[in-house]
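As stored in model03.txt (compact mmCIF, C-alpha atoms and all ligand atoms):
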# COMPACT_ATOMS: atom_id res chain seq x y z
CA MET A 572 69.59 180.37 70.04
CA GLY A 573 71.24 181.76 73.17
CA ILE A 574 72.72 178.33 73.94
CA PHE A 575 74.07 177.90 70.39
CA SER A 576 75.82 181.26 70.38
CA THR A 577 77.48 180.48 73.79
CA VAL A 578 78.67 177.06 72.55
CA SER A 579 80.12 178.50 69.32
CA LYS A 580 81.97 181.18 71.35
CA VAL A 581 83.52 178.51 73.60
CA VAL A 582 84.58 176.44 70.58
CA ARG A 583 86.22 179.51 68.93
CA ARG A 584 88.05 180.44 72.12
CA SER A 585 89.38 176.90 72.73
CA LYS A 586 90.64 176.84 69.11
CA TYR A 587 92.73 179.94 69.88
CA PHE A 588 93.77 178.38 73.16
CA LEU A 589 94.89 175.15 71.44
CA LEU A 590 96.76 177.16 68.82
CA LEU A 591 98.53 179.08 71.56
CA LEU A 592 99.44 175.85 73.37
CA LEU A 593 100.84 174.35 70.15
CA SER A 594 102.98 177.43 69.41
CA LEU A 595 104.32 177.41 72.98
CA SER A 596 105.36 173.73 72.72
CA VAL A 597 107.11 174.33 69.37
CA LEU A 598 108.98 177.28 70.91
CA ALA A 599 109.98 175.23 73.97
CA TRP A 600 111.28 172.40 71.77
CA ILE A 601 113.38 174.76 69.62
CA THR A 602 114.95 176.41 72.68
CA ASN A 603 115.76 173.11 74.29
CA PHE A 604 117.28 171.61 71.13
CA SER A 605 119.54 174.56 70.39
CA GLY A 606 120.61 174.72 74.07
CA GLU A 607 121.69 171.07 74.01
CA THR A 608 123.56 171.59 70.77
CA VAL A 609 125.52 174.52 72.18
CA LYS A 610 126.19 172.59 75.35
CA SER A 611 127.57 169.57 73.52
CA ILE A 612 129.90 171.69 71.38
CA LEU A 613 131.26 173.61 74.33
CA ALA A 614 131.64 170.63 76.62
CA PRO A 615 135.17 169.14 76.50
CA ARG A 616 135.24 165.57 75.31
CA ALA A 617 135.92 163.07 78.05
CA THR A 618 139.62 162.16 77.87
CA THR A 619 139.14 158.70 79.28
CA GLN A 620 136.44 156.18 78.67
CA THR A 621 134.90 154.00 81.29
CA PHE A 622 136.47 150.58 81.28
CA ILE A 623 134.16 147.74 80.42
CA ARG A 624 135.02 144.68 82.43
CA GLY A 625 135.56 141.51 80.46
CA ASP A 626 132.61 139.73 82.09
CA GLU A 627 130.24 142.59 81.23
CA MET A 628 131.20 142.88 77.59
CA ASN A 629 128.79 140.37 76.10
CA SER A 630 125.93 140.85 78.50
CA GLY A 631 122.52 141.98 77.22
CA THR A 632 121.11 141.39 73.79
CA ALA A 633 123.79 143.16 71.76
CA GLU A 634 125.75 141.06 69.31
CA PRO A 635 129.25 140.20 70.55
CA ASP A 636 131.91 142.53 69.08
CA GLN A 637 133.79 140.51 66.45
CA SER A 638 135.94 143.41 65.30
CA ASN A 639 138.86 142.89 67.73
CA THR A 640 138.71 146.59 68.60
CA PRO A 641 140.76 147.05 71.79
CA ILE A 642 138.64 148.10 74.74
CA GLU A 643 139.74 151.52 76.01
CA LYS A 644 140.61 151.44 79.69
CA GLY A 645 139.93 154.27 82.08
CA GLU A 646 142.77 155.89 84.00
CA CYS A 647 143.65 154.16 87.28
CA PRO A 648 142.27 155.97 90.34
CA GLN A 649 144.36 158.62 92.08
CA VAL A 650 144.65 156.31 95.09
CA SER A 651 144.85 152.63 94.31
CA PRO A 652 142.17 150.59 96.10
CA LEU A 653 144.71 147.75 96.38
CA LEU A 654 147.04 149.46 98.85
CA LYS A 655 147.54 147.70 102.17
CA GLY A 656 149.68 150.14 104.16
CA ALA A 657 152.38 148.86 106.51
CA MET A 658 153.34 145.26 105.80
CA ASN A 659 155.12 142.54 107.70
CA LEU A 660 158.05 141.62 105.48
CA SER A 661 159.30 138.06 105.26
CA PHE A 662 162.86 136.97 104.48
CA ALA A 663 162.56 133.19 104.43
CA SER A 664 165.86 131.47 103.75
CA SER A 665 163.96 128.85 101.74
CA LEU A 666 162.65 131.41 99.21
CA LYS A 667 163.46 130.50 95.58
CA LEU A 668 163.32 132.53 92.36
CA LYS A 669 160.74 130.05 91.01
CA ASP A 670 158.42 130.91 93.92
CA VAL A 671 158.63 134.62 93.12
CA GLU A 672 158.04 133.90 89.44
CA SER A 673 154.91 131.86 90.10
CA ALA A 674 153.56 134.51 92.47
CA ASN A 675 153.93 137.15 89.72
CA LYS A 676 152.40 135.58 86.63
CA GLY A 677 151.29 138.97 85.33
CA VAL A 678 154.93 140.08 84.95
CA THR A 679 156.55 139.50 81.57
CA GLU A 680 160.26 140.14 81.11
CA GLY A 681 160.25 142.29 84.22
CA GLU A 682 157.37 144.44 82.99
CA TYR A 683 153.81 144.75 84.26
CA GLU A 684 150.77 146.87 83.63
CA PRO A 685 147.34 146.62 85.21
CA SER A 686 144.75 144.90 83.01
CA ASP A 687 141.77 146.92 84.16
CA CYS A 688 142.99 150.53 84.07
CA THR A 689 145.64 152.73 82.50
CA SER A 690 148.45 153.59 84.92
CA ARG A 691 149.08 157.22 85.75
CA GLN A 692 152.84 156.81 85.23
CA SER A 693 155.24 154.44 83.51
CA VAL A 694 158.13 153.80 85.83
CA ALA A 695 161.50 152.09 85.36
CA ILE A 696 163.07 150.69 88.54
CA LEU A 697 166.87 150.59 88.24
CA ILE A 698 168.85 148.36 90.61
CA PRO A 699 172.66 148.39 90.43
CA HIS A 700 174.04 144.98 91.34
CA ARG A 701 176.99 142.68 91.74
CA SER A 702 177.03 139.38 93.61
CA ARG A 703 174.08 140.10 95.91
CA GLU A 704 171.74 137.37 94.61
CA LYS A 705 169.96 136.77 97.89
CA HIS A 706 169.22 140.48 98.41
CA LEU A 707 167.94 140.75 94.87
CA LEU A 708 165.63 137.79 95.44
CA TYR A 709 164.13 139.33 98.60
CA LEU A 710 163.71 142.67 96.88
CA LEU A 711 161.97 141.15 93.84
CA HIS A 712 159.76 139.10 96.15
CA HIS A 713 158.47 142.25 97.88
CA LEU A 714 158.78 144.85 95.15
CA HIS A 715 156.72 143.20 92.40
CA PRO A 716 153.49 142.86 94.44
CA PHE A 717 154.16 146.29 96.02
CA LEU A 718 154.30 147.97 92.60
CA GLN A 719 151.29 146.03 91.34
CA ARG A 720 149.25 147.18 94.33
CA GLN A 721 150.16 150.72 93.28
CA GLN A 722 148.66 149.98 89.84
CA LEU A 723 151.78 151.11 88.03
CA HIS A 724 153.02 150.32 84.59
CA TYR A 725 156.59 149.41 85.50
CA ALA A 726 159.65 147.40 84.58
CA ILE A 727 162.57 146.33 86.73
CA TYR A 728 166.10 146.63 85.34
CA VAL A 729 169.05 145.10 87.16
CA ILE A 730 172.37 146.53 86.00
CA GLN A 731 175.29 144.23 86.64
CA GLN A 732 178.85 145.43 86.75
CA ALA A 733 181.02 142.87 84.94
CA GLY A 734 184.50 142.02 86.20
CA ASP A 735 185.98 142.78 89.59
CA ALA A 736 187.05 146.41 89.37
CA THR A 737 185.82 148.65 92.19
CA PHE A 738 182.03 148.99 92.19
CA ASN A 739 180.50 152.13 90.68
CA ARG A 740 176.85 152.44 91.70
CA ALA A 741 176.30 155.82 90.02
CA LYS A 742 177.65 154.80 86.63
CA LEU A 743 175.51 151.64 86.67
CA LEU A 744 172.45 153.81 87.31
CA ASN A 745 173.35 156.08 84.39
CA ILE A 746 173.63 152.96 82.22
CA GLY A 747 170.28 151.68 83.49
CA TYR A 748 168.64 154.96 82.51
CA LEU A 749 170.16 154.93 79.01
CA GLU A 750 169.40 151.24 78.40
CA ALA A 751 165.83 151.37 79.75
CA LEU A 752 165.02 154.27 77.42
CA LYS A 753 165.95 152.07 74.47
CA ASP A 754 162.97 149.88 75.41
CA TYR A 755 160.31 152.46 76.22
CA GLY A 756 159.86 156.18 76.94
CA TRP A 757 159.69 155.74 80.73
CA GLU A 758 158.62 158.98 82.34
CA CYS A 759 159.85 158.20 85.85
CA PHE A 760 162.97 156.46 87.17
CA ILE A 761 163.49 154.95 90.61
CA PHE A 762 167.15 154.52 91.56
CA HIS A 763 167.03 151.63 94.02
CA ASP A 764 169.60 149.98 96.27
CA VAL A 765 169.33 146.20 96.25
CA ASP A 766 169.31 145.81 100.03
CA LEU A 767 166.45 148.19 100.85
CA VAL A 768 162.93 146.79 101.01
CA PRO A 769 159.99 149.22 101.32
CA GLU A 770 157.71 148.51 104.26
CA ASN A 771 154.62 150.50 103.32
CA ASP A 772 152.95 150.64 99.91
CA HIS A 773 151.68 154.16 100.54
CA ASN A 774 155.25 155.15 99.70
CA LEU A 775 154.40 155.68 96.05
CA TYR A 776 156.99 154.85 93.41
CA VAL A 777 155.96 157.72 91.15
CA CYS A 778 157.69 160.95 90.20
CA ASP A 779 156.69 164.44 91.14
CA LYS A 780 157.32 168.01 90.00
CA GLN A 781 160.55 167.87 92.04
CA PRO A 782 163.00 164.99 92.66
CA LYS A 783 161.92 162.68 95.49
CA HIS A 784 163.89 160.91 98.19
CA LEU A 785 161.93 157.88 99.33
CA VAL A 786 164.02 156.62 102.26
CA VAL A 787 163.30 158.77 105.26
CA GLY A 788 164.08 155.98 107.69
CA ARG A 789 165.35 152.45 107.85
CA ASN A 790 165.35 149.84 110.57
CA SER A 791 169.16 149.94 110.88
CA THR A 792 169.15 153.64 111.83
CA GLY A 793 166.07 153.72 114.05
CA TYR A 794 163.98 155.05 111.13
CA LYS A 795 165.66 158.45 111.34
CA LEU A 796 166.84 160.46 108.35
CA ARG A 797 170.63 159.99 108.30
CA TYR A 798 171.35 163.70 107.76
CA LYS A 799 169.51 166.69 106.34
CA GLY A 800 170.82 166.42 102.79
CA TYR A 801 170.78 162.63 102.56
CA PHE A 802 169.70 161.61 99.06
CA GLY A 803 170.76 157.95 98.96
CA GLY A 804 169.14 154.53 98.97
CA VAL A 805 166.02 155.04 96.87
CA THR A 806 165.26 158.18 94.85
CA ALA A 807 162.75 159.10 92.15
CA MET A 808 163.36 161.51 89.28
CA THR A 809 161.51 162.11 86.05
CA ARG A 810 163.28 161.47 82.77
CA GLU A 811 163.61 165.24 82.29
CA GLN A 812 164.82 166.02 85.81
CA PHE A 813 167.58 163.40 85.51
CA LEU A 814 168.58 164.67 82.09
CA GLN A 815 168.63 168.25 83.36
CA VAL A 816 171.26 167.39 86.00
CA ASN A 817 173.23 165.29 83.46
CA GLY A 818 172.53 162.18 85.58
CA PHE A 819 175.02 160.93 88.15
CA SER A 820 178.74 161.56 88.01
CA ASN A 821 180.64 158.58 86.57
CA SER A 822 183.68 159.25 88.74
CA TYR A 823 182.69 157.77 92.12
CA TRP A 824 184.33 154.34 92.44
CA GLY A 825 183.70 152.53 95.72
CA TRP A 826 181.33 153.38 98.55
CA GLY A 827 179.97 156.86 99.21
CA GLY A 828 179.58 160.35 97.85
CA GLU A 829 177.75 159.73 94.56
CA ASP A 830 174.33 160.36 96.13
CA ASP A 831 175.57 163.61 97.73
CA ASP A 832 176.92 164.61 94.33
CA LEU A 833 173.48 164.04 92.78
CA ARG A 834 171.93 166.21 95.49
CA VAL A 835 174.37 169.02 94.63
CA ARG A 836 173.43 168.70 90.94
CA VAL A 837 169.75 168.88 91.84
CA GLU A 838 170.30 171.94 94.01
CA LEU A 839 172.36 173.66 91.30
CA GLN A 840 169.26 173.40 89.09
CA LYS A 841 167.23 175.06 91.85
CA MET A 842 165.19 171.92 92.29
CA LYS A 843 163.92 171.00 95.72
CA ILE A 844 163.98 167.50 97.18
CA LEU A 845 160.61 166.16 98.35
CA ARG A 846 160.10 163.38 100.88
CA PRO A 847 157.00 161.36 101.77
CA PRO A 848 155.88 161.37 105.42
CA ALA A 849 158.25 159.56 107.77
CA ASP A 850 155.67 156.97 108.85
CA VAL A 851 155.35 155.85 105.24
CA ALA A 852 158.90 156.20 103.84
CA ARG A 853 160.24 153.29 105.91
CA TYR A 854 162.58 150.55 104.73
CA THR A 855 164.06 147.34 106.04
CA MET A 856 167.72 147.01 105.19
CA VAL A 857 168.78 143.43 104.62
CA PHE A 858 171.89 142.99 106.70
CA HIS A 859 175.23 142.44 104.96
CA ASN A 860 178.93 143.02 105.53
CA ARG A 861 180.73 145.52 103.30
CA ASP A 862 181.24 143.90 99.89
CA SER A 863 184.70 143.23 98.67
CA GLY A 864 185.26 145.49 95.68
CA ASN A 865 183.23 148.31 97.22
CA GLN A 866 185.63 149.86 99.71
CA ILE A 867 185.03 153.37 101.05
CA ASN A 868 185.92 155.92 98.40
CA LYS A 869 188.61 158.06 99.99
CA TYR A 870 188.43 160.59 97.14
CA ARG A 871 184.76 161.33 97.60
CA MET A 872 185.11 164.61 99.49
CA GLY A 873 187.56 165.93 96.88
CA LEU A 874 185.21 164.91 94.08
CA LEU A 875 182.30 166.55 95.83
CA SER A 876 184.12 169.85 95.99
CA GLN A 877 184.42 169.74 92.16
CA THR A 878 180.77 169.07 91.29
CA LEU A 879 180.01 172.66 90.36
CA GLN A 880 182.92 172.72 87.88
CA VAL A 881 182.43 169.28 86.31
CA TRP A 882 178.75 168.35 86.33
CA LYS A 883 178.12 169.49 82.76
CA LYS A 884 180.79 167.23 81.32
CA ASP A 885 180.73 164.31 83.77
CA GLY A 886 177.43 162.44 83.65
CA LEU A 887 174.97 160.96 81.20
CA ASN A 888 176.67 162.72 78.30
CA SER A 889 180.05 161.12 79.06
CA CYS A 890 178.96 157.69 80.29
CA SER A 891 181.05 155.24 78.26
CA TYR A 892 180.48 151.51 78.67
CA LYS A 893 180.12 148.33 76.73
CA THR A 894 176.91 146.35 77.03
CA LEU A 895 177.92 142.69 77.31
CA SER A 896 174.39 141.28 77.44
CA VAL A 897 170.73 142.18 77.89
CA GLU A 898 168.79 139.16 79.17
CA ARG A 899 165.03 139.41 79.39
CA LEU A 900 164.37 137.20 82.40
CA PRO A 901 160.83 136.63 83.70
CA LEU A 902 161.14 139.06 86.62
CA TYR A 903 163.65 141.63 85.39
CA VAL A 904 165.78 142.80 82.50
CA ASN A 905 169.35 141.87 83.33
CA VAL A 906 171.84 144.28 81.75
CA THR A 907 175.51 143.36 82.14
CA ALA A 908 178.02 146.04 81.28
CA ASP A 909 181.75 146.53 81.17
CA ILE A 910 182.11 149.93 82.76
CA GLY A 911 185.90 150.18 82.84
CA LYS A 912 187.88 150.88 85.98
CA PRO A 913 188.97 153.87 88.05
CA GLN A 914 191.66 156.12 86.57
CA VAL A 915 193.68 156.21 89.80
C1 LIG A 1001 178.07 159.24 102.00
C2 LIG A 1001 176.84 158.84 101.26
C3 LIG A 1001 176.06 157.83 102.07
C4 LIG A 1001 175.76 158.45 103.42
C5 LIG A 1001 174.94 157.57 104.31
C6 LIG A 1001 177.71 159.78 103.36
O1 LIG A 1001 178.86 160.08 104.07
O2 LIG A 1001 178.77 160.20 101.26
O3 LIG A 1001 177.19 158.28 100.01
O4 LIG A 1001 174.88 157.48 101.42
O5 LIG A 1001 176.95 158.80 104.06
O6 LIG A 1001 175.56 156.41 104.65
Any chance you could put this one into structure tokens?
Amino acid sequence: MGIFSTVSKVVRRSKYFLLLLLSLSVLAWITNFSGETVKSILAPRATTQTFIRGDEMNSGTAEPDQSNTPIEKGECPQVSPLLKGAMNLSFASSLKLKDVESANKGVTEGEYEPSDCTSRQSVAILIPHRSREKHLLYLLHHLHPFLQRQQLHYAIYVIQQAGDATFNRAKLLNIGYLEALKDYGWECFIFHDVDLVPENDHNLYVCDKQPKHLVVGRNSTGYKLRYKGYFGGVTAMTREQFLQVNGFSNSYWGWGGEDDDLRVRVELQKMKILRPPADVARYTMVFHNRDSGNQINKYRMGLLSQTLQVWKKDGLNSCSYKTLSVERLPLYVNVTADIGKPQV
């Protein structure tokens, strides 16, 4: 009898104990579930999805996706893993356009974008040009792989001045900006001389919160900045920054002054010019004699003294020209324009 009563007590107690255990588990499950729900509502959705490489797509047992849904790519990394740093540049006299084309199969009509990630910026490179075919070839040869290593979505535009009136670099760059925007909403523009080749791919061809001057030094000047306010050679401005200063002046015919004028416009808008470190912002200048048709502009100082008065009406908003052709060549878009001639 004594044994039976002890056993029945134990059984009763363990029933209560089991009941208690069950209630505790139910409570724990409810808390956990509601916590997760709150967490998933509050958590911001990921803005980018992880890229699935082509060779991983059909792995495993899942059925292959027949729906043709484009695979979302993740954003390219902040620092491209493809960068090589300082490069030895080559300027072989035997180089041909065909060689550069076959080395850049991923470029279509001057445009490229990485296949495995989404670029952080879309950049239009504008190169004013007239009769400098060899320089252009060397630049394309180096610039295409350089930009691809930076994982940029980019396109190269070469803007040719038709006829033999005095050269006007600044007006050609305004035209490049206006024409490139007809193709795509580029967010960043690089204004690039044809004879300057970048030596180090850490010199990033992207825009910043302020306008950027990318040529701190060049071989021909012992890699020293030419003067404190120098803003020539290669510069980077966002679409908005360039619009805000009304672009370049259209009035500088011949060599010199137009880049100083742009600096004044930038400063009038209280913008500040940024430069990459000197050991990175290095260029090789391909040697040439002064071009005929690009004599020193003797009016440049006079024009510069007028910038404050004229910048609002001399620039992008007054850039008149006639597009003679837009050729979509494999390595660049070739825009040829009649830009008129100097008034004086
Ligand atoms: C000219 C600039 C030129 C600079 C460097 C200045 O005197 O006005 O247009 O880029 O010299 O050569």
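Taking all atoms listed in the file, the non-local environment of Val694 of chain A within 10 Å (same-chain residues fewer than 6 positions away omitted) comprises Glu682, Leu718, Leu723, His724, Tyr725, Ala726, Ile727, Tyr755, Gly756, Trp757, Glu758, Cys759, Phe760, Ile761, Tyr776, Val777, Cys778, Ala807, Met808, Thr809 and Arg810 of chain A.
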Counting all atoms listed in the file, what is within 12 Å of segment 669-673 of chain A, bar same-chain residues fewer than 6 positions away, as a ChimeraX atom specification? /A:663,679-681,707-716,900-903
Using all atoms listed in the file, which residues sit within 7 Å of segment 821-834 of chain A once same-chain residues fewer than 6 positions away are excluded, as a PyMOL selection string? chain A and resi 737-739+741-742+801-803+865-868+871+875+878+885-886+890+913
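Counting all atoms listed in the file and comparing A:His859, A:Arg740, A:Lys780, A:Lys893, the residue that lies closest to ligand LIG 1001 (chain A) is A:Arg740.
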With 6 Å of padding per side, what axis-aligned box (centre and edge lengths, Å, one decimal) covers all the listed atoms of ligand LIG 1001 (chain A)? Give it as AutoDock Vina command-line options.
--center_x 176.9 --center_y 158.3 --center_z 102.3 --size_x 16.0 --size_y 15.8 --size_z 16.6
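Closest approach to ligand LIG 1001 (chain A) among A:Tyr798, A:Tyr748, A:Phe858, A:Phe717: A:Tyr798, based on all atoms listed in the file.
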Dump as a CSV table (one decimal) with C-alpha atoms, in the frame of the given file all residues having an atom at most 8 Å from (184.9, 149.6, 81.6), computed in the file's coordinates with only C-alpha atoms.
chain,number,residue,atom,x,y,z
A,891,SER,CA,181.0,155.2,78.3
A,892,TYR,CA,180.5,151.5,78.7
A,893,LYS,CA,180.1,148.3,76.7
A,908,ALA,CA,178.0,146.0,81.3
A,909,ASP,CA,181.8,146.5,81.2
A,910,ILE,CA,182.1,149.9,82.8
A,911,GLY,CA,185.9,150.2,82.8
A,912,LYS,CA,187.9,150.9,86.0
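Note that atom CA of Gly793 of chain A and atom CA of Leu697 of chain A are 26.0 Å apart.
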